[in-house]
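Here is the file entry.txt (compact mmCIF, C-alpha atoms).
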```txt
# COMPACT_ATOMS: atom_id res chain seq x y z
CA MET A 1 4.47 -16.57 -13.46
CA ASP A 2 6.63 -13.64 -14.53
CA LEU A 3 5.75 -10.78 -12.18
CA LYS A 4 7.77 -8.27 -14.16
CA ASP A 5 5.79 -8.97 -17.32
CA ILE A 6 2.48 -8.89 -15.46
CA SER A 7 3.35 -5.57 -13.83
CA ASN A 8 4.49 -4.04 -17.12
CA HIS A 9 1.42 -5.23 -19.01
CA LEU A 10 -0.96 -3.89 -16.38
CA GLU A 11 0.92 -0.61 -16.18
CA ASN A 12 0.72 -0.20 -19.96
CA GLU A 13 -3.03 -0.87 -19.95
CA LEU A 14 -3.66 1.58 -17.11
CA CYS A 15 -1.55 4.24 -18.83
CA ALA A 16 -3.58 3.73 -21.99
CA LEU A 17 -6.84 3.87 -20.03
CA PHE A 18 -5.96 7.20 -18.41
CA GLU A 19 -4.08 8.71 -21.35
CA GLU A 20 -7.07 10.73 -22.49
CA VAL A 21 -7.68 12.10 -19.00
CA ARG A 22 -4.13 12.48 -17.70
CA SER A 23 -4.89 16.19 -17.43
CA GLY A 24 -8.02 17.73 -16.04
CA LEU A 25 -9.26 15.20 -13.49
CA ALA A 26 -11.45 17.06 -11.02
CA SER A 27 -9.83 17.61 -7.65
CA ARG A 28 -11.37 16.55 -4.35
CA GLU A 29 -10.86 17.69 -0.77
CA ASP A 30 -9.19 14.45 0.29
CA SER A 31 -7.12 11.75 -1.38
CA ARG A 32 -9.72 9.05 -0.73
CA ALA A 33 -12.29 10.80 -2.89
CA PHE A 34 -9.75 11.33 -5.65
CA GLY A 35 -8.74 7.68 -5.35
CA ALA A 36 -12.38 6.65 -5.65
CA MET A 37 -12.55 8.49 -8.97
CA ILE A 38 -9.55 6.54 -10.23
CA GLU A 39 -10.99 3.23 -9.00
CA LYS A 40 -14.33 3.92 -10.69
CA LYS A 41 -12.71 4.38 -14.09
CA ILE A 42 -10.66 1.20 -13.67
CA ALA A 43 -13.75 -0.73 -12.56
CA GLU A 44 -15.57 0.32 -15.72
CA SER A 45 -12.82 -1.18 -17.88
CA TRP A 46 -11.52 -4.00 -15.67
CA ILE A 47 -13.12 -6.91 -17.54
CA GLU A 48 -11.94 -5.51 -20.88
CA ILE A 49 -8.37 -5.05 -19.56
CA CYS A 50 -8.21 -8.60 -18.21
CA GLU A 51 -9.64 -10.14 -21.36
CA LYS A 52 -7.12 -8.25 -23.49
CA LEU A 53 -4.24 -9.60 -21.37
CA GLY A 54 -5.61 -13.13 -21.16
CA TYR A 55 -6.44 -12.95 -17.44
CA SER A 56 -9.67 -14.14 -15.80
CA PRO A 57 -11.20 -11.12 -14.02
CA LEU A 58 -12.55 -11.67 -10.51
CA PRO A 59 -15.46 -9.81 -8.90
CA ARG A 60 -14.70 -6.67 -6.88
CA PRO A 61 -13.76 -7.70 -3.35
CA GLY A 62 -15.35 -6.69 -0.06
CA ARG A 63 -14.25 -3.62 1.86
CA ARG A 64 -11.99 -5.57 4.24
CA THR A 65 -9.94 -7.14 1.45
CA ILE A 66 -6.41 -5.80 1.02
CA PHE A 67 -6.81 -5.29 -2.75
CA ASP A 68 -9.19 -3.33 -4.98
CA PHE A 69 -9.14 -5.45 -8.15
CA ALA A 70 -8.14 -9.00 -8.93
CA PHE A 71 -7.78 -11.61 -11.62
CA ASN A 72 -6.90 -15.29 -11.81
CA LEU A 73 -3.84 -16.47 -13.70
CA GLU A 74 -2.40 -19.99 -13.61
CA ASN A 75 -4.79 -20.87 -10.75
CA THR A 76 -3.34 -17.99 -8.70
CA THR A 77 -5.19 -14.93 -7.45
CA VAL A 78 -3.44 -11.67 -8.33
CA GLY A 79 -4.77 -8.74 -6.29
CA ILE A 80 -4.06 -5.09 -7.11
CA ASP A 81 -4.20 -2.34 -4.52
CA VAL A 82 -4.78 1.05 -6.16
CA LYS A 83 -2.92 3.89 -4.44
CA THR A 84 -3.11 7.57 -5.28
CA LYS A 85 -0.12 9.66 -4.23
CA ASP A 86 -0.44 13.42 -3.91
CA LEU A 87 2.98 14.71 -5.00
CA ASP A 88 2.51 18.06 -3.24
CA SER A 89 5.16 17.89 -0.50
CA THR A 90 3.13 20.23 1.73
CA ARG A 91 0.21 17.81 1.89
CA TYR A 92 0.06 14.54 3.80
CA SER A 93 -0.36 11.46 1.63
CA ASP A 94 -0.66 8.23 3.56
CA GLY A 95 1.46 5.23 2.60
CA GLY A 96 -0.75 2.75 4.44
CA ILE A 97 -1.24 -0.70 2.93
CA CYS A 98 -2.98 -3.11 5.33
CA ALA A 99 -2.65 -4.95 8.64
CA VAL A 100 0.36 -7.24 9.07
CA GLY A 101 -1.78 -10.30 9.75
CA ASN A 102 -4.04 -9.72 6.75
CA LEU A 103 -1.04 -9.36 4.45
CA LEU A 104 0.63 -12.58 5.61
CA LYS A 105 -2.64 -14.54 5.49
CA TYR A 106 -3.22 -13.39 1.93
CA LEU A 107 0.31 -14.21 0.77
CA ALA A 108 0.98 -17.40 2.72
CA ASN A 109 -2.45 -18.98 3.21
CA ASP A 110 -4.02 -17.98 -0.10
CA LYS A 111 -0.74 -18.35 -2.04
CA ALA A 112 -1.72 -15.15 -3.83
CA VAL A 113 0.16 -12.31 -5.50
CA PHE A 114 -0.10 -8.70 -4.31
CA LEU A 115 0.56 -5.78 -6.65
CA ILE A 116 0.50 -2.04 -6.00
CA ALA A 117 -0.79 0.28 -8.73
CA GLU A 118 0.37 3.79 -7.82
CA PHE A 119 -1.00 6.97 -9.40
CA GLY A 120 1.14 10.04 -8.73
CA HIS A 121 -0.86 13.24 -9.16
CA ASN A 122 -0.43 16.98 -8.81
CA ARG A 123 -2.36 20.21 -9.34
CA SER A 124 -2.54 21.28 -12.95
CA SER A 125 -1.55 24.76 -11.76
CA GLU A 126 -1.36 26.64 -8.49
CA LYS A 127 -4.88 28.04 -8.80
CA SER A 128 -6.40 25.13 -10.66
CA ALA A 129 -9.07 22.83 -9.24
CA LEU A 130 -7.91 20.13 -11.65
CA ARG A 131 -5.17 17.57 -11.23
CA ASP A 132 -2.68 15.93 -13.57
CA ILE A 133 -1.65 12.29 -13.31
CA GLU A 134 2.14 12.57 -13.38
CA TYR A 135 2.88 8.84 -13.53
CA ILE A 136 1.39 5.35 -13.13
CA ARG A 137 3.52 2.55 -11.70
CA VAL A 138 2.61 -1.10 -11.06
CA ALA A 139 4.91 -3.30 -8.99
CA PRO A 140 4.76 -6.44 -6.81
CA PHE A 141 4.66 -5.48 -3.14
CA THR A 142 6.92 -8.39 -2.17
CA LEU A 143 9.74 -7.26 -4.49
CA LEU A 144 10.17 -3.72 -3.17
CA PRO A 145 13.49 -2.87 -1.46
CA SER A 146 13.62 -3.71 2.24
CA ASN A 147 13.92 -0.08 3.32
CA ALA A 148 10.58 0.70 1.67
CA TYR A 149 8.62 -1.23 4.31
CA ARG A 150 7.71 -0.10 7.80
CA ILE A 151 5.19 -1.21 10.43
CA GLU A 152 3.31 1.12 12.74
CA ASN A 153 1.43 0.14 15.86
CA LEU A 154 -2.16 0.72 14.81
CA GLY A 155 -4.15 -2.14 16.27
CA THR A 156 -2.18 -5.29 15.50
CA GLY A 157 0.33 -3.43 13.31
CA GLN A 158 -0.14 -1.55 10.05
CA VAL A 159 2.12 -2.03 7.03
CA ARG A 160 3.14 1.23 5.38
CA LEU A 161 5.58 2.36 2.72
CA ASN A 162 8.39 4.82 3.35
CA TYR A 163 8.71 5.71 -0.33
CA THR A 164 6.55 5.85 -3.42
CA ILE A 165 6.78 3.02 -5.94
CA ASN A 166 8.16 5.56 -8.39
CA GLN A 167 10.99 6.52 -6.01
CA VAL A 168 12.21 2.94 -5.58
CA TRP A 169 11.45 1.69 -9.09
CA ASP A 170 15.09 1.07 -9.99
CA GLU A 171 15.63 -0.84 -6.72
CA ILE A 172 12.88 -3.42 -7.23
CA GLU A 173 14.37 -6.91 -6.85
CA TRP A 174 12.61 -8.72 -9.69
CA ASN A 175 14.37 -12.03 -8.99
CA ARG A 176 13.57 -12.21 -5.26
CA ASP A 177 11.59 -15.31 -4.26
CA MET A 178 8.94 -15.44 -1.55
CA LYS A 179 11.36 -16.82 1.03
CA GLY A 180 13.53 -13.76 0.45
CA PHE A 181 10.54 -11.52 1.16
CA TYR A 182 9.42 -13.48 4.23
CA ASP A 183 12.96 -13.48 5.67
CA ARG A 184 13.12 -9.68 5.50
CA PHE A 185 9.53 -8.87 6.37
CA THR A 186 9.23 -11.20 9.37
CA GLU A 187 12.46 -9.77 10.79
CA LEU A 188 10.96 -6.29 10.50
CA ALA A 189 7.75 -7.51 12.15
CA ILE A 190 9.61 -9.25 14.99
CA LEU A 191 11.62 -6.11 15.77
CA HIS A 192 8.43 -4.04 15.65
CA TYR A 193 6.50 -6.26 18.08
CA GLN A 194 9.47 -6.51 20.42
CA ARG A 195 9.61 -2.72 20.58
CA VAL A 196 5.84 -2.46 21.02
CA GLY A 197 6.05 -5.00 23.84
CA ARG A 198 8.76 -3.02 25.64
CA ASP A 199 6.77 0.20 25.22
CA ALA A 200 3.64 -1.49 26.57
CA GLN A 201 5.51 -2.74 29.63
CA ARG A 202 6.83 0.76 30.37
CA ARG A 203 3.37 2.23 30.09
CA LEU A 204 1.93 -0.53 32.25
CA ALA A 205 4.49 0.36 34.91
CA THR A 206 3.48 4.03 34.85
CA ILE A 207 -0.20 3.14 35.33
CA LYS A 208 0.66 0.91 38.30
CA GLU A 209 2.85 3.62 39.82
CA PHE A 210 0.07 6.19 39.34
CA ARG A 211 -2.37 3.93 41.14
CA GLU A 212 0.03 3.03 43.95
CA ASN A 213 0.83 6.74 44.57
CA GLY A 214 -2.80 7.63 45.13
CA TYR A 215 -3.49 9.15 41.69
CA ARG A 216 -1.63 12.36 42.56
CA HIS A 217 0.41 12.92 39.41
CA PHE A 218 0.63 11.10 36.11
CA THR A 219 3.27 11.16 33.36
CA PHE A 220 2.77 8.65 30.60
CA ALA A 221 5.88 6.73 29.56
CA ARG A 222 6.80 7.10 25.90
```

Would you kindly transcribe this structure into structure tokens?
Amino acid sequence: MDLKDISNHLENELCALFEEVRSGLASREDSRAFGAMIEKKIAESWIEICEKLGYSPLPRPGRRTIFDFAFNLENTTVGIDVKTKDLDSTRYSDGGICAVGNLLKYLANDKAVFLIAEFGHNRSSEKSALRDIEYIRVAPFTLLPSNAYRIENLGTGQVRLNYTINQVWDEIEWNRDMKGFYDRFTELAILHYQRVGRDAQRRLATIKEFRENGYRHFTFAR
């Protein structure tokens, strides 16, 4: 399975799908609503896109699944997570992907492929309520450069991206195998959980000290 070809073919089809509406998509108050608009248009054409590329389209997944669309190719599930990126530097645009455990279960247990389809968008003009799609990029999550990944302590750990797919496009390691990804990602995860564990122990100590000192003054350890 050539991930570079798959990514390029999907990117070309998505660019063609949105070519007629690259300008003038209605804006929304938050990125989730704008993303839902993008997903809706893809959903309406997903079967046609897959059939054109020779892929077997799969039904839309449940809400807890890490991807938004999927197809089957060579007895392998290929899931695509659709991300919209607001390119306005003054506005927060989350780079969240999914929980660490869910990602590793999907990749290792299901032996599946995980792609990111990123839509960079901006206001058509300063006073406009419309938005332009500036670019569309599709890339395998497991082939991004190591410095693109980070893990934050939300629940059991949340995988996020430090950069947009567009920013690291020239650094994608198309020849990296899964062992190469696991070697790098598990090291990042181990360091994260070690730090979280140390932080938790410090905070535990402050709670115990607060209790032992008769609840007089509390300063939470950071």

Can you work out which one of A:Ile172, A:Ala189, A:Ile165, A:Leu115 has the shortest atom-to-atom distance to A:Ser7, counting all atoms listed in the file?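 Among A:Ile172, A:Ala189, A:Ile165, A:Leu115, it is A:Leu115 that comes nearest to A:Ser7.
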
Measure the distance from atom CA of A:Ala36 to atom CA of A:Glu118 in Å and round it to one decimal. 13.2 Å

Distance in Å - atom CA of A:Lys52 versus atom CA of A:Trp174: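 Between atom CA of A:Lys52 and atom CA of A:Trp174 the gap works out to 24.1 Å.
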
Point-to-point distance in Å for atom CA of A:Ala112 and atom CA of A:Gly54: 17.9 Å

Which one is closest to A:Gln167: A:Leu14, A:Ile207, A:Val78, A:Leu87? Count only C-alpha atoms.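 Ranking A:Leu14, A:Ile207, A:Val78, A:Leu87 by distance to A:Gln167, first place goes to A:Leu87.
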
Selected residue, from A:Arg176, A:Arg202, A:Arg63, A:Lys105, that lies nearest to A:Pro140 when counting all atoms listed in the file: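 The answer is A:Arg176, which sits nearest to A:Pro140.
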
Coordinates of box centre and edge lengths for stretch 68-87 of chain A, 3 Å on every side, axis-aligned, as AutoDock Vina command-line options:
```
--center_x -3.1 --center_y -3.1 --center_z -8.8 --size_x 18.2 --size_y 41.6 --size_z 15.8
```

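Checking A:Ile66, A:Val82, A:Leu73, A:Ala205 one by one against A:Lys41, counting only C-alpha atoms, you find the shortest gap at A:Val82.
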
Rank A:Leu17, A:Ile6, A:Ala33, A:Leu204 by their smallest atom-to-atom distance to A:Asn72, using only C-alpha atoms, and report the top residue only.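 Using only C-alpha atoms, the shortest distance to A:Asn72 belongs to A:Ile6.
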
Shortest interatomic distance to A:Ile190 - which of A:Ile80, A:Val100, A:Asp170, A:Asn109, counting all atoms listed in the file: A:Val100

At a cut-off of 12 Å around the point (1.7, 3.9, -18.9) (file coordinates), what residues fall inside when counting only C-alpha atoms? I'd like the answer as a list in words. Ser7, Asn8, His9, Leu10, Glu11, Asn12, Glu13, Leu14, Cys15, Ala16, Leu17, Phe18, Glu19, Glu20, Arg22, Ala117, Glu118, Phe119, Gly120, Ile133, Glu134, Tyr135, Ile136, Arg137 and Val138 of chain A
